[in-house]
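Novice: Here it is, the structure, as structure tokens.
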Amino acid sequence: MCLGFDGRTVSAEEADELAELLAKKGATLQTDSDLVGEIWEDRPALSCEPVMELDVKWAGRIPC
């Protein structure tokens, strides 16, 4: 089994956590494919603008 998604959509920390959880189940993680881009024919170009980190008060937080 393999879970695949565009690795640009999650943080490196989230990807590492997913990979660890999947490994326990004998599955792998593939994050180097733009799966939506392969089928979205008239997709606008992706932004080249730098990202910015939002404060937790704006972005929320993941429950512990």
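Within each chain, counting starts at residue 1; across the structure tokens, chains are named A, B, ... in the order shown, with ligands numbered 1 upward in that order.
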Would you give me, as a list in words, the residues in chain A that DSSP reads as strand (DSSP E)?
Specialist: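 Written out, the strand (DSSP E) residues of chain A are Cys2, Leu3, Gly4, Thr28, Leu29 and Gln30 of chain A.
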Novice: For the helix (DSSP H, G or I) assignment from backbone DSSP, which residues of range 3-45 of chain A qualify? Please present them as a list in words.
Specialist: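 Reading the DSSP output for range 3-45 of chain A, helix (DSSP H, G or I) covers Gly7, Arg8, Thr9, Ala12, Glu13, Glu14, Ala15, Asp16, Glu17, Leu18, Ala19, Glu20, Leu21, Leu22, Ala23 and Lys24 of chain A.
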Novice: Go ahead and write the residues just picked, all heavy atoms, as a CSV table (one decimal), in the first residue's frame.
Specialist:
```
chain,number,residue,atom,x,y,z
A,7,GLY,N,3.5,16.7,-1.9
A,7,GLY,CA,4.2,17.0,-0.7
A,7,GLY,C,4.3,18.5,-0.4
A,7,GLY,O,4.7,18.9,0.7
A,8,ARG,N,3.9,19.4,-1.3
A,8,ARG,CA,3.9,20.8,-1.0
A,8,ARG,C,2.8,21.2,-0.2
A,8,ARG,O,2.7,22.4,0.2
A,8,ARG,CB,3.9,21.6,-2.4
A,8,ARG,CG,5.2,21.3,-3.2
A,8,ARG,CD,5.1,21.9,-4.6
A,8,ARG,NE,4.0,21.2,-5.3
A,8,ARG,CZ,3.7,21.5,-6.5
A,8,ARG,NH1,4.3,22.4,-7.2
A,8,ARG,NH2,2.7,20.8,-7.1
A,9,THR,N,1.9,20.3,0.1
A,9,THR,CA,0.6,20.7,0.8
A,9,THR,C,0.7,20.4,2.3
A,9,THR,O,-0.3,20.7,3.0
A,9,THR,CB,-0.6,19.9,0.2
A,9,THR,OG1,-0.4,18.5,0.4
A,9,THR,CG2,-0.8,20.2,-1.2
A,12,ALA,N,7.0,19.4,6.5
A,12,ALA,CA,7.9,18.3,6.6
A,12,ALA,C,7.7,17.5,7.9
A,12,ALA,O,7.7,16.2,7.8
A,12,ALA,CB,9.4,18.8,6.6
A,13,GLU,N,7.3,18.1,9.0
A,13,GLU,CA,7.0,17.4,10.2
A,13,GLU,C,5.8,16.5,10.0
A,13,GLU,O,5.8,15.4,10.5
A,13,GLU,CB,6.8,18.4,11.3
A,13,GLU,CG,6.5,17.8,12.7
A,13,GLU,CD,6.2,18.8,13.8
A,13,GLU,OE1,6.3,20.0,13.5
A,13,GLU,OE2,5.9,18.4,14.9
A,14,GLU,N,4.7,17.0,9.4
A,14,GLU,CA,3.6,16.2,9.1
A,14,GLU,C,3.9,15.0,8.2
A,14,GLU,O,3.4,13.9,8.5
A,14,GLU,CB,2.4,17.0,8.5
A,14,GLU,CG,1.8,18.0,9.4
A,14,GLU,CD,0.8,18.9,8.7
A,14,GLU,OE1,1.2,19.6,7.7
A,14,GLU,OE2,-0.3,19.0,9.2
A,15,ALA,N,4.7,15.2,7.2
A,15,ALA,CA,5.0,14.2,6.3
A,15,ALA,C,5.8,13.1,7.1
A,15,ALA,O,5.6,11.9,6.9
A,15,ALA,CB,5.8,14.7,5.1
A,16,ASP,N,6.7,13.5,7.9
A,16,ASP,CA,7.5,12.5,8.7
A,16,ASP,C,6.6,11.7,9.6
A,16,ASP,O,6.8,10.5,9.8
A,16,ASP,CB,8.6,13.3,9.5
A,16,ASP,CG,9.7,13.8,8.7
A,16,ASP,OD1,9.9,13.4,7.5
A,16,ASP,OD2,10.5,14.6,9.2
A,17,GLU,N,5.7,12.4,10.3
A,17,GLU,CA,4.7,11.7,11.1
A,17,GLU,C,3.9,10.7,10.4
A,17,GLU,O,3.7,9.5,10.8
A,17,GLU,CB,3.8,12.7,11.9
A,17,GLU,CG,4.6,13.5,12.9
A,17,GLU,CD,3.7,14.6,13.5
A,17,GLU,OE1,2.5,14.7,13.2
A,17,GLU,OE2,4.2,15.4,14.3
A,18,LEU,N,3.4,11.1,9.2
A,18,LEU,CA,2.6,10.2,8.4
A,18,LEU,C,3.4,9.0,7.9
A,18,LEU,O,3.0,7.8,8.0
A,18,LEU,CB,2.1,10.9,7.1
A,18,LEU,CG,0.9,11.8,7.3
A,18,LEU,CD1,0.6,12.6,6.0
A,18,LEU,CD2,-0.3,10.9,7.6
A,19,ALA,N,4.7,9.2,7.5
A,19,ALA,CA,5.6,8.2,7.1
A,19,ALA,C,5.8,7.1,8.2
A,19,ALA,O,5.8,5.9,8.0
A,19,ALA,CB,6.9,8.7,6.6
A,20,GLU,N,6.0,7.7,9.4
A,20,GLU,CA,6.2,6.8,10.5
A,20,GLU,C,4.9,5.9,10.8
A,20,GLU,O,5.0,4.7,11.1
A,20,GLU,CB,6.6,7.6,11.8
A,20,GLU,CG,7.0,6.8,13.0
A,20,GLU,CD,7.4,7.7,14.1
A,20,GLU,OE1,8.1,8.7,13.9
A,20,GLU,OE2,6.9,7.4,15.3
A,21,LEU,N,3.8,6.6,10.8
A,21,LEU,CA,2.5,5.8,11.0
A,21,LEU,C,2.3,4.8,10.0
A,21,LEU,O,1.9,3.6,10.3
A,21,LEU,CB,1.4,6.8,11.1
A,21,LEU,CG,1.3,7.7,12.3
A,21,LEU,CD1,0.2,8.8,12.1
A,21,LEU,CD2,1.0,6.9,13.6
A,22,LEU,N,2.5,5.2,8.7
A,22,LEU,CA,2.3,4.2,7.6
A,22,LEU,C,3.3,3.0,7.7
A,22,LEU,O,2.9,1.9,7.4
A,22,LEU,CB,2.4,5.0,6.3
A,22,LEU,CG,1.3,5.9,6.0
A,22,LEU,CD1,1.7,6.8,4.7
A,22,LEU,CD2,0.0,5.2,5.7
A,23,ALA,N,4.5,3.3,8.1
A,23,ALA,CA,5.5,2.3,8.1
A,23,ALA,C,5.1,1.2,9.1
A,23,ALA,O,5.3,0.0,8.9
A,23,ALA,CB,6.9,2.8,8.5
A,24,LYS,N,4.4,1.6,10.2
A,24,LYS,CA,3.9,0.6,11.2
A,24,LYS,C,2.9,-0.3,10.6
A,24,LYS,O,2.7,-1.4,11.1
A,24,LYS,CB,3.4,1.4,12.4
A,24,LYS,CG,4.4,2.1,13.2
A,24,LYS,CD,3.8,2.9,14.4
A,24,LYS,CE,4.8,3.6,15.2
A,24,LYS,NZ,4.2,4.5,16.2
```
Novice: May I ask for the distance between CA of Cys2 in chain A and CA of Gly37 in chain A, given in Å to one decimal place?
Specialist: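 These two atoms are separated by 18.9 Å.
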Novice: Any idea what's packed within 7 Å of Leu3 in chain A, counting only C-alpha atoms, ignoring anything in its chain fewer than 3 positions away? Could you give it as a list in words?
Specialist: Thr28, Leu29 and Gln30 of chain A
